[in-house]
Each structure stands twice: as C-alpha cells, then as structure tokens.
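Asks: Contents are PDB, C-alpha atoms, pLDDT in the B column; file name upload_9.pdb:
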```pdb
MODEL        1
ATOM      1  CA  MET A   1     -98.484  10.767  -1.209  1.00 54.00           C
ATOM      2  CA  GLN A   2     -95.341  10.179   0.854  1.00 53.00           C
ATOM      3  CA  ARG A   3     -93.246  10.058  -2.293  1.00 55.00           C
ATOM      4  CA  TRP A   4     -94.741  13.388  -3.455  1.00 50.00           C
ATOM      5  CA  LEU A   5     -94.006  14.983  -0.067  1.00 47.00           C
ATOM      6  CA  GLY A   6     -90.426  13.708  -0.179  1.00 51.00           C
ATOM      7  CA  THR A   7     -89.938  15.136  -3.665  1.00 51.00           C
ATOM      8  CA  SER A   8     -91.445  18.488  -2.635  1.00 51.00           C
ATOM      9  CA  PHE A   9     -89.235  18.652   0.466  1.00 49.00           C
ATOM     10  CA  ALA A  10     -86.127  17.941  -1.628  1.00 50.00           C
ATOM     11  CA  ALA A  11     -87.135  20.635  -4.102  1.00 51.00           C
ATOM     12  CA  ALA A  12     -87.639  23.111  -1.258  1.00 52.00           C
ATOM     13  CA  LEU A  13     -84.194  22.304   0.115  1.00 49.00           C
ATOM     14  CA  LEU A  14     -82.719  22.810  -3.349  1.00 49.00           C
ATOM     15  CA  LEU A  15     -84.397  26.203  -3.659  1.00 48.00           C
ATOM     16  CA  THR A  16     -83.141  27.223  -0.224  1.00 47.00           C
ATOM     17  CA  ALA A  17     -79.611  26.120  -1.076  1.00 45.00           C
ATOM     18  CA  CYS A  18     -79.687  28.149  -4.301  1.00 46.00           C
ATOM     19  CA  VAL A  19     -80.721  31.268  -2.426  1.00 46.00           C
ATOM     20  CA  THR A  20     -78.244  30.741   0.383  1.00 46.00           C
ATOM     21  CA  ILE A  21     -75.145  30.329  -1.762  1.00 49.00           C
ATOM     22  CA  ASN A  22     -75.987  33.263  -4.046  1.00 52.00           C
ATOM     23  CA  VAL A  23     -74.054  35.809  -1.958  1.00 65.00           C
ATOM     24  CA  TYR A  24     -71.812  37.516  -4.454  1.00 88.00           C
ATOM     25  CA  PHE A  25     -69.209  40.245  -4.023  1.00 93.00           C
ATOM     26  CA  PRO A  26     -71.111  43.481  -4.761  1.00 94.00           C
ATOM     27  CA  ALA A  27     -68.453  45.221  -6.860  1.00 94.00           C
ATOM     28  CA  ALA A  28     -70.683  48.141  -7.887  1.00 95.00           C
ATOM     29  CA  GLU A  29     -71.670  48.852  -4.291  1.00 95.00           C
ATOM     30  CA  ALA A  30     -68.053  48.501  -3.165  1.00 96.00           C
ATOM     31  CA  LYS A  31     -66.951  50.982  -5.821  1.00 97.00           C
ATOM     32  CA  GLU A  32     -69.597  53.459  -4.699  1.00 96.00           C
ATOM     33  CA  ALA A  33     -68.563  53.085  -1.052  1.00 96.00           C
ATOM     34  CA  ALA A  34     -64.881  53.436  -1.953  1.00 97.00           C
ATOM     35  CA  LYS A  35     -65.568  56.630  -3.904  1.00 97.00           C
ATOM     36  CA  GLU A  36     -67.483  58.121  -0.998  1.00 96.00           C
ATOM     37  CA  PHE A  37     -64.687  57.228   1.420  1.00 98.00           C
ATOM     38  CA  VAL A  38     -61.807  58.372  -0.810  1.00 98.00           C
ATOM     39  CA  ASP A  39     -63.417  61.646  -1.883  1.00 97.00           C
ATOM     40  CA  LYS A  40     -64.052  62.524   1.759  1.00 96.00           C
ATOM     41  CA  VAL A  41     -60.397  61.852   2.615  1.00 98.00           C
ATOM     42  CA  ILE A  42     -58.898  63.905  -0.208  1.00 95.00           C
ATOM     43  CA  GLY A  43     -61.478  66.655   0.156  1.00 88.00           C
ATOM     44  CA  ASP A  44     -63.545  66.065  -2.950  1.00 75.00           C
ATOM     45  CA  ASP A  45     -66.648  64.753  -1.271  1.00 55.00           C
ATOM     46  CA  ALA A  46     -69.841  65.381  -3.216  1.00 45.00           C
ATOM     47  CA  PRO A  47     -73.305  64.848  -1.714  1.00 42.00           C
ATOM     48  CA  ALA A  48     -73.339  61.091  -1.203  1.00 39.00           C
ATOM     49  CA  ASN A  49     -77.020  60.706  -0.335  1.00 40.00           C
ATOM     50  CA  GLU A  50     -78.369  62.446  -3.396  1.00 41.00           C
ATOM     51  CA  ALA A  51     -81.803  61.101  -4.189  1.00 38.00           C
ATOM     52  CA  LYS A  52     -81.838  58.703  -7.086  1.00 40.00           C
ATOM     53  CA  PRO A  53     -84.813  58.633  -9.496  1.00 41.00           C
ATOM     54  CA  VAL A  54     -87.108  55.693  -8.975  1.00 39.00           C
ATOM     55  CA  PRO A  55     -87.837  53.892 -12.260  1.00 42.00           C
ATOM     56  CA  GLN A  56     -91.507  53.933 -13.163  1.00 45.00           C
ATOM     57  CA  ASN A  57     -93.431  50.850 -14.139  1.00 44.00           C
ATOM     58  CA  PRO A  58     -94.177  51.064 -17.868  1.00 41.00           C
ATOM     59  CA  GLY A  59     -97.308  49.031 -17.313  1.00 43.00           C
ATOM     60  CA  GLY A  60     -98.920  51.654 -15.116  1.00 42.00           C
ATOM     61  CA  GLN A  61    -100.619  50.666 -11.867  1.00 42.00           C
ATOM     62  CA  GLY A  62     -99.835  47.155 -10.843  1.00 41.00           C
ATOM     63  CA  GLY A  63     -96.897  46.883 -13.262  1.00 40.00           C
ATOM     64  CA  SER A  64     -96.009  43.602 -14.895  1.00 38.00           C
ATOM     65  CA  ALA A  65     -97.282  41.612 -11.940  1.00 38.00           C
ATOM     66  CA  SER A  66    -100.853  42.507 -12.905  1.00 36.00           C
ATOM     67  CA  LEU A  67    -100.353  40.817 -16.282  1.00 34.00           C
ATOM     68  CA  ARG A  68     -99.786  37.401 -14.740  1.00 39.00           C
ATOM     69  CA  SER A  69    -102.615  34.948 -14.537  1.00 41.00           C
ATOM     70  CA  PRO A  70    -103.852  34.727 -10.913  1.00 43.00           C
ATOM     71  CA  ARG A  71    -104.390  30.995 -11.353  1.00 45.00           C
ATOM     72  CA  SER A  72    -100.753  30.129 -12.092  1.00 46.00           C
ATOM     73  CA  PHE A  73     -98.112  29.981  -9.377  1.00 43.00           C
ATOM     74  CA  ASP A  74     -94.727  31.133 -10.628  1.00 46.00           C
ATOM     75  CA  TRP A  75     -92.082  28.961  -8.921  1.00 41.00           C
ATOM     76  CA  LEU A  76     -89.332  30.683 -10.893  1.00 38.00           C
ATOM     77  CA  ALA A  77     -90.502  34.001  -9.489  1.00 43.00           C
ATOM     78  CA  LEU A  78     -90.130  32.530  -6.000  1.00 42.00           C
ATOM     79  CA  VAL A  79     -86.533  31.617  -6.778  1.00 42.00           C
ATOM     80  CA  GLY A  80     -86.042  35.089  -8.225  1.00 44.00           C
ATOM     81  CA  ILE A  81     -87.344  36.716  -5.055  1.00 40.00           C
ATOM     82  CA  GLY A  82     -84.955  34.689  -2.912  1.00 45.00           C
ATOM     83  CA  THR A  83     -82.053  35.417  -5.200  1.00 41.00           C
ATOM     84  CA  ALA A  84     -82.819  39.129  -5.293  1.00 41.00           C
ATOM     85  CA  TYR A  85     -82.938  39.224  -1.508  1.00 42.00           C
ATOM     86  CA  ALA A  86     -79.538  37.558  -1.232  1.00 43.00           C
ATOM     87  CA  GLN A  87     -78.046  39.955  -3.749  1.00 46.00           C
ATOM     88  CA  GLU A  88     -79.646  43.020  -2.207  1.00 45.00           C
ATOM     89  CA  SER A  89     -78.467  42.097   1.290  1.00 46.00           C
ATOM     90  CA  ALA A  90     -74.866  41.860   0.047  1.00 56.00           C
ATOM     91  CA  ASP A  91     -74.346  45.603   0.325  1.00 70.00           C
ATOM     92  CA  ILE A  92     -71.267  47.559   1.396  1.00 89.00           C
ATOM     93  CA  SER A  93     -71.572  49.886   4.373  1.00 89.00           C
ATOM     94  CA  ILE A  94     -68.867  52.299   5.579  1.00 94.00           C
ATOM     95  CA  LYS A  95     -70.968  53.922   8.287  1.00 92.00           C
ATOM     96  CA  THR A  96     -69.637  52.070  11.325  1.00 96.00           C
ATOM     97  CA  PRO A  97     -67.957  54.099  14.112  1.00 97.00           C
ATOM     98  CA  ALA A  98     -64.631  52.328  13.512  1.00 96.00           C
ATOM     99  CA  ILE A  99     -64.601  53.080   9.779  1.00 97.00           C
ATOM    100  CA  GLN A 100     -65.712  56.667  10.316  1.00 97.00           C
ATOM    101  CA  ALA A 101     -62.952  57.190  12.888  1.00 97.00           C
ATOM    102  CA  ILE A 102     -60.315  55.931  10.432  1.00 98.00           C
ATOM    103  CA  GLN A 103     -61.763  58.109   7.674  1.00 98.00           C
ATOM    104  CA  ASN A 104     -61.620  61.225   9.865  1.00 97.00           C
ATOM    105  CA  ARG A 105     -58.008  60.521  10.856  1.00 98.00           C
ATOM    106  CA  MET A 106     -56.992  60.010   7.248  1.00 98.00           C
ATOM    107  CA  ALA A 107     -58.790  63.159   6.084  1.00 98.00           C
ATOM    108  CA  THR A 108     -57.057  65.282   8.719  1.00 98.00           C
ATOM    109  CA  ARG A 109     -53.662  63.738   7.968  1.00 98.00           C
ATOM    110  CA  PHE A 110     -54.137  64.175   4.262  1.00 98.00           C
ATOM    111  CA  GLN A 111     -55.038  67.842   4.456  1.00 96.00           C
ATOM    112  CA  THR A 112     -52.342  68.767   6.981  1.00 97.00           C
ATOM    113  CA  GLN A 113     -49.419  66.590   5.819  1.00 96.00           C
ATOM    114  CA  LEU A 114     -49.852  64.433   2.746  1.00 98.00           C
ATOM    115  CA  ALA A 115     -51.556  66.646   0.158  1.00 97.00           C
ATOM    116  CA  ALA A 116     -48.481  68.884  -0.237  1.00 96.00           C
ATOM    117  CA  GLY A 117     -46.319  65.804  -0.786  1.00 97.00           C
ATOM    118  CA  PHE A 118     -48.593  64.554  -3.562  1.00 98.00           C
ATOM    119  CA  ASP A 119     -48.718  68.004  -5.159  1.00 97.00           C
ATOM    120  CA  ALA A 120     -44.914  68.216  -5.095  1.00 97.00           C
ATOM    121  CA  GLY A 121     -44.512  64.769  -6.661  1.00 97.00           C
ATOM    122  CA  ALA A 122     -42.760  63.370  -3.609  1.00 98.00           C
ATOM    123  CA  LEU A 123     -45.538  60.883  -2.795  1.00 98.00           C
ATOM    124  CA  GLY A 124     -47.317  58.397  -5.009  1.00 98.00           C
ATOM    125  CA  LEU A 125     -50.243  56.006  -4.882  1.00 98.00           C
ATOM    126  CA  THR A 126     -49.253  52.361  -5.210  1.00 98.00           C
ATOM    127  CA  ARG A 127     -51.182  49.793  -7.206  1.00 97.00           C
ATOM    128  CA  ASP A 128     -52.157  47.945  -4.017  1.00 97.00           C
ATOM    129  CA  GLY A 129     -53.891  50.874  -2.318  1.00 98.00           C
ATOM    130  CA  MET A 130     -50.996  52.255  -0.288  1.00 98.00           C
ATOM    131  CA  VAL A 131     -48.918  55.481  -0.275  1.00 98.00           C
ATOM    132  CA  GLU A 132     -45.205  55.529  -0.981  1.00 98.00           C
ATOM    133  CA  VAL A 133     -42.465  58.141  -0.695  1.00 98.00           C
ATOM    134  CA  ARG A 134     -41.577  58.128  -4.372  1.00 97.00           C
ATOM    135  CA  ASP A 135     -39.007  60.954  -4.429  1.00 97.00           C
ATOM    136  CA  ALA A 136     -37.835  62.257  -1.037  1.00 96.00           C
ATOM    137  CA  SER A 137     -35.681  64.898  -2.729  1.00 96.00           C
ATOM    138  CA  LYS A 138     -38.861  66.837  -3.496  1.00 96.00           C
ATOM    139  CA  LEU A 139     -39.526  67.241   0.231  1.00 95.00           C
ATOM    140  CA  ALA A 140     -37.886  69.958   2.315  1.00 94.00           C
ATOM    141  CA  LEU A 141     -35.223  68.422   4.518  1.00 95.00           C
ATOM    142  CA  LYS A 142     -37.014  69.568   7.676  1.00 95.00           C
ATOM    143  CA  ASP A 143     -40.228  67.827   6.554  1.00 95.00           C
ATOM    144  CA  ARG A 144     -38.877  64.438   5.514  1.00 96.00           C
ATOM    145  CA  VAL A 145     -39.058  62.665   8.858  1.00 96.00           C
ATOM    146  CA  ALA A 146     -42.580  63.924   9.592  1.00 97.00           C
ATOM    147  CA  ILE A 147     -43.887  63.061   6.119  1.00 97.00           C
ATOM    148  CA  THR A 148     -42.316  59.602   6.218  1.00 97.00           C
ATOM    149  CA  GLN A 149     -44.021  58.973   9.558  1.00 98.00           C
ATOM    150  CA  ALA A 150     -47.321  60.301   8.199  1.00 98.00           C
ATOM    151  CA  VAL A 151     -47.054  57.898   5.250  1.00 98.00           C
ATOM    152  CA  ALA A 152     -46.469  54.970   7.632  1.00 98.00           C
ATOM    153  CA  ASP A 153     -49.462  56.007   9.744  1.00 98.00           C
ATOM    154  CA  ASP A 154     -51.638  56.403   6.668  1.00 98.00           C
ATOM    155  CA  ASN A 155     -50.705  52.982   5.326  1.00 98.00           C
ATOM    156  CA  ARG A 156     -51.553  51.453   8.672  1.00 98.00           C
ATOM    157  CA  ASP A 157     -54.972  53.101   8.535  1.00 98.00           C
ATOM    158  CA  ARG A 158     -55.476  52.006   4.938  1.00 98.00           C
ATOM    159  CA  LYS A 159     -54.837  48.371   5.811  1.00 98.00           C
ATOM    160  CA  ALA A 160     -57.150  48.716   8.786  1.00 98.00           C
ATOM    161  CA  VAL A 161     -59.997  50.201   6.763  1.00 98.00           C
ATOM    162  CA  TYR A 162     -59.838  47.525   4.060  1.00 98.00           C
ATOM    163  CA  ARG A 163     -60.065  44.874   6.749  1.00 97.00           C
ATOM    164  CA  GLU A 164     -62.721  46.756   8.730  1.00 97.00           C
ATOM    165  CA  VAL A 165     -65.005  47.284   5.715  1.00 97.00           C
ATOM    166  CA  ALA A 166     -64.929  43.561   4.941  1.00 96.00           C
ATOM    167  CA  VAL A 167     -65.503  42.530   8.567  1.00 96.00           C
ATOM    168  CA  ALA A 168     -68.189  45.161   9.199  1.00 95.00           C
ATOM    169  CA  ASN A 169     -70.149  43.820   6.235  1.00 94.00           C
ATOM    170  CA  GLY A 170     -69.960  40.250   7.461  1.00 94.00           C
ATOM    171  CA  HIS A 171     -67.468  38.941   4.883  1.00 96.00           C
ATOM    172  CA  PRO A 172     -63.843  39.012   6.103  1.00 96.00           C
ATOM    173  CA  GLU A 173     -62.923  36.994   3.001  1.00 96.00           C
ATOM    174  CA  TRP A 174     -63.708  40.058   0.877  1.00 96.00           C
ATOM    175  CA  GLU A 175     -60.729  42.015   2.252  1.00 97.00           C
ATOM    176  CA  SER A 176     -58.505  41.582  -0.807  1.00 97.00           C
ATOM    177  CA  GLN A 177     -61.353  42.517  -3.143  1.00 97.00           C
ATOM    178  CA  ILE A 178     -62.195  45.564  -1.052  1.00 97.00           C
ATOM    179  CA  ARG A 179     -58.540  46.562  -1.141  1.00 98.00           C
ATOM    180  CA  GLY A 180     -58.432  46.172  -4.928  1.00 97.00           C
ATOM    181  CA  ILE A 181     -61.519  48.358  -5.393  1.00 98.00           C
ATOM    182  CA  PHE A 182     -60.105  51.028  -3.080  1.00 98.00           C
ATOM    183  CA  ALA A 183     -56.723  50.917  -4.842  1.00 98.00           C
ATOM    184  CA  GLN A 184     -58.417  51.688  -8.144  1.00 97.00           C
ATOM    185  CA  GLN A 185     -60.490  54.449  -6.562  1.00 98.00           C
ATOM    186  CA  TRP A 186     -57.515  56.229  -4.971  1.00 98.00           C
ATOM    187  CA  ILE A 187     -55.999  56.504  -8.447  1.00 98.00           C
ATOM    188  CA  ALA A 188     -59.299  57.433 -10.114  1.00 97.00           C
ATOM    189  CA  SER A 189     -59.843  60.253  -7.599  1.00 97.00           C
ATOM    190  CA  ALA A 190     -56.218  61.469  -7.705  1.00 97.00           C
ATOM    191  CA  HIS A 191     -55.661  65.045  -8.797  1.00 97.00           C
ATOM    192  CA  GLY A 192     -53.909  65.931 -12.021  1.00 96.00           C
ATOM    193  CA  GLY A 193     -50.140  65.866 -11.584  1.00 97.00           C
ATOM    194  CA  TRP A 194     -50.149  63.228  -8.840  1.00 98.00           C
ATOM    195  CA  TRP A 195     -48.090  60.086  -9.312  1.00 98.00           C
ATOM    196  CA  TYR A 196     -49.451  56.553  -9.237  1.00 98.00           C
ATOM    197  CA  GLN A 197     -48.384  53.031 -10.119  1.00 98.00           C
ATOM    198  CA  ASP A 198     -49.948  51.268 -13.074  1.00 96.00           C
ATOM    199  CA  ALA A 199     -50.840  47.571 -13.031  1.00 94.00           C
ATOM    200  CA  GLY A 200     -47.250  46.650 -13.816  1.00 95.00           C
ATOM    201  CA  GLY A 201     -45.810  48.745 -10.984  1.00 95.00           C
ATOM    202  CA  SER A 202     -44.385  51.547 -13.141  1.00 97.00           C
ATOM    203  CA  TRP A 203     -44.807  55.116 -11.933  1.00 97.00           C
ATOM    204  CA  LYS A 204     -46.958  57.429 -14.043  1.00 97.00           C
ATOM    205  CA  GLN A 205     -48.123  60.988 -13.595  1.00 97.00           C
ATOM    206  CA  LYS A 206     -51.814  61.674 -13.902  1.00 96.00           C
TER     207      LYS A 206
ENDMDL
END
```
In structure tokens, write the structure found in this file.

Replies:
Amino acid sequence: MQRWLGTSFAAALLLTACVTINVYFPAAEAKEAAKEFVDKVIGDDAPANEAKPVPQNPGGQGGSASLRSPRSFDWLALVGIGTAYAQESADISIKTPAIQAIQNRMATRFQTQLAAGFDAGALGLTRDGMVEVRDASKLALKDRVAITQAVADDNRDRKAVYREVAVANGHPEWESQIRGIFAQQWIASAHGGWWYQDAGGSWKQK
C-alpha cells in the first residue's frame, strides 16, 4: 500500500511538473496584440474586439465527451487539461495603463510629425523595430531638428513598450521576442512607398 501511494505521489508530481513548465511564448497572440497596437499608432486601427465565431461541436449536445465511457478515467485528458490551461494563460495583453499611455503618445507623434517623413521617404523602419532617419535631404531644412528629435522620442517609446509588454504579461524574458514580433508588424502594416530594412539590413521600398 505504501509503495503504491509513493508511486502515485511521484506520478502526481510528474504531472504537475509537466503542466508547470509548459509555458510557451504565444507567438500568435503576440502577433495579434502587435497588430492592434501598430495599427492604432499609424491610424489603421480596425475593430479589435470583433466577435469571433464559436466552433460548434460536430457531435451535437455533449460533444465528444459524451462518447467516452463513464467507467474509464482518462489520465491523459487530465494532463491535456493542465497543459491547455498553461497555454491559455500565456496570453499577451496590451491593455495596461502604461502601455496605453505609450501607445497614445506614439499615435499623436506619428500623426503630427512622423507620417510626413515616412511618406516623403526620409524615414524608414529598421529590422529591429525602430525608426531611422534614412535620408535627411528629403526633409525641409526647418523640420530636420524637430523630426530628428521626434524619431529619438519614438525609439525611446518603442523600447519602453517592448519591455513593458513583456513585464506586464509576467515574462520579462520575452522582451526580445516581443520586439521581434513588433518589428515584423511595423513593416507588415507600413503603407505603400514607405522604406524598411530587410533581414539583411538593406533598405527597400514597400
């Protein structure tokens, strides 16, 4: 009896360990959050909370669970439940006051100062999620100092938001991955004619 209890306790610990360590980086959720953030900043925000269709159970009432024998206990299902919970809890939220404040600052700055620079080809999106003055000659002389300062301010906010998203979601170690997802999204959401860096660092026009 004692040996059976010891074995069961060890198995329970193993199951718990499996569930605990199964916290993965939710790339799909991060991409969705990045798109929502970026589109709001550059003014292309679509309804973010659009209702998604709920998949119906093909088995009708009760679904597949009703097909299981009530006399058998599915230990694998228990592991699956724990795993699903760990995966589901690893979501990406951008709704904290700090993140929203950065987003609002960036949106205002973009519309009042940076958008014209991108449209003129003076500014470009870098491969690491930043903004760079690519060709200052395309800026009016009177605007160069102000735009350069706006770029510096925007890059400071970009670094802050990548860090803040990771910290706000309880995983500071995700910062570089968050930054990589956002870097891709800035380029994906860029308007036609804007400049961006490819993976090798070369400038291309969209």

Asks: Could you list the residues chosen by the PyMOL selection byres ((chain A and resi 39) around 10) in this structure as a PyMOL selection string?

Replies: chain A and resi 34-38+40-46+48+107+185-186+189-190

Asks: Neighbours of Ile147 of chain A within 9 Å (all atoms listed in the file; same-chain residues fewer than 6 positions away dropped), as a ChimeraX atom specification?

Replies: /A:113-114,117,133,139

Asks: Assuming the chain letters and numbering stay as they are in my file, what does the PyMOL selection byres ((chain A and resi 148) around 10) actually select? List them as a ChimeraX atom specification.

Replies: /A:113-114,123,132-133,136,143-147,149-154

Asks: What is the distance, in Å and to one decimal place, between atom CA of Arg127 of chain A and atom CA of Gln197 of chain A?

Replies: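 Here the two named atoms are 5.2 Å from each other.
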
Asks: Compare A:Arg105, A:Lys31, A:Lys206, A:Lys95 by their minimum atom-to-atom distance to Asn155 of chain A, counting only C-alpha atoms, and give me the closest one.

Replies: A:Arg105

Asks: Applied to this file, what does the PyMOL selection byres ((chain A and resi 163-177) around 8) return in terms of residues, put as a ChimeraX atom specification?

Replies: /A:25,91-94,96,98-99,159-162,178-181

Asks: Give me, please, the distance in Å between atom CA of Gln184 of chain A and atom CA of Thr112 of chain A, quoted to one decimal.

Replies: 23.6 Å

Asks: For Ile187 of chain A, which residue out of A:Ala199, A:Leu125, A:Phe118, A:Gln103 is the nearest one, using all atoms listed in the file?

Replies: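 Checking each candidate against Ile187 of chain A, we get A:Leu125 as the closest.
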
Asks: Between atom CA of Ala188 of chain A and atom CA of Ala27 of chain A, what is the spacing in Å?

Replies: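 Straight-line distance from atom CA of Ala27 of chain A to atom CA of Ala188 of chain A works out to 15.6 Å.
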
Asks: Nearest to Arg156 of chain A: which of A:Ala33, A:Val131, A:Ala115, A:Ala101 is it, counting all atoms listed in the file?

Replies: A:Val131
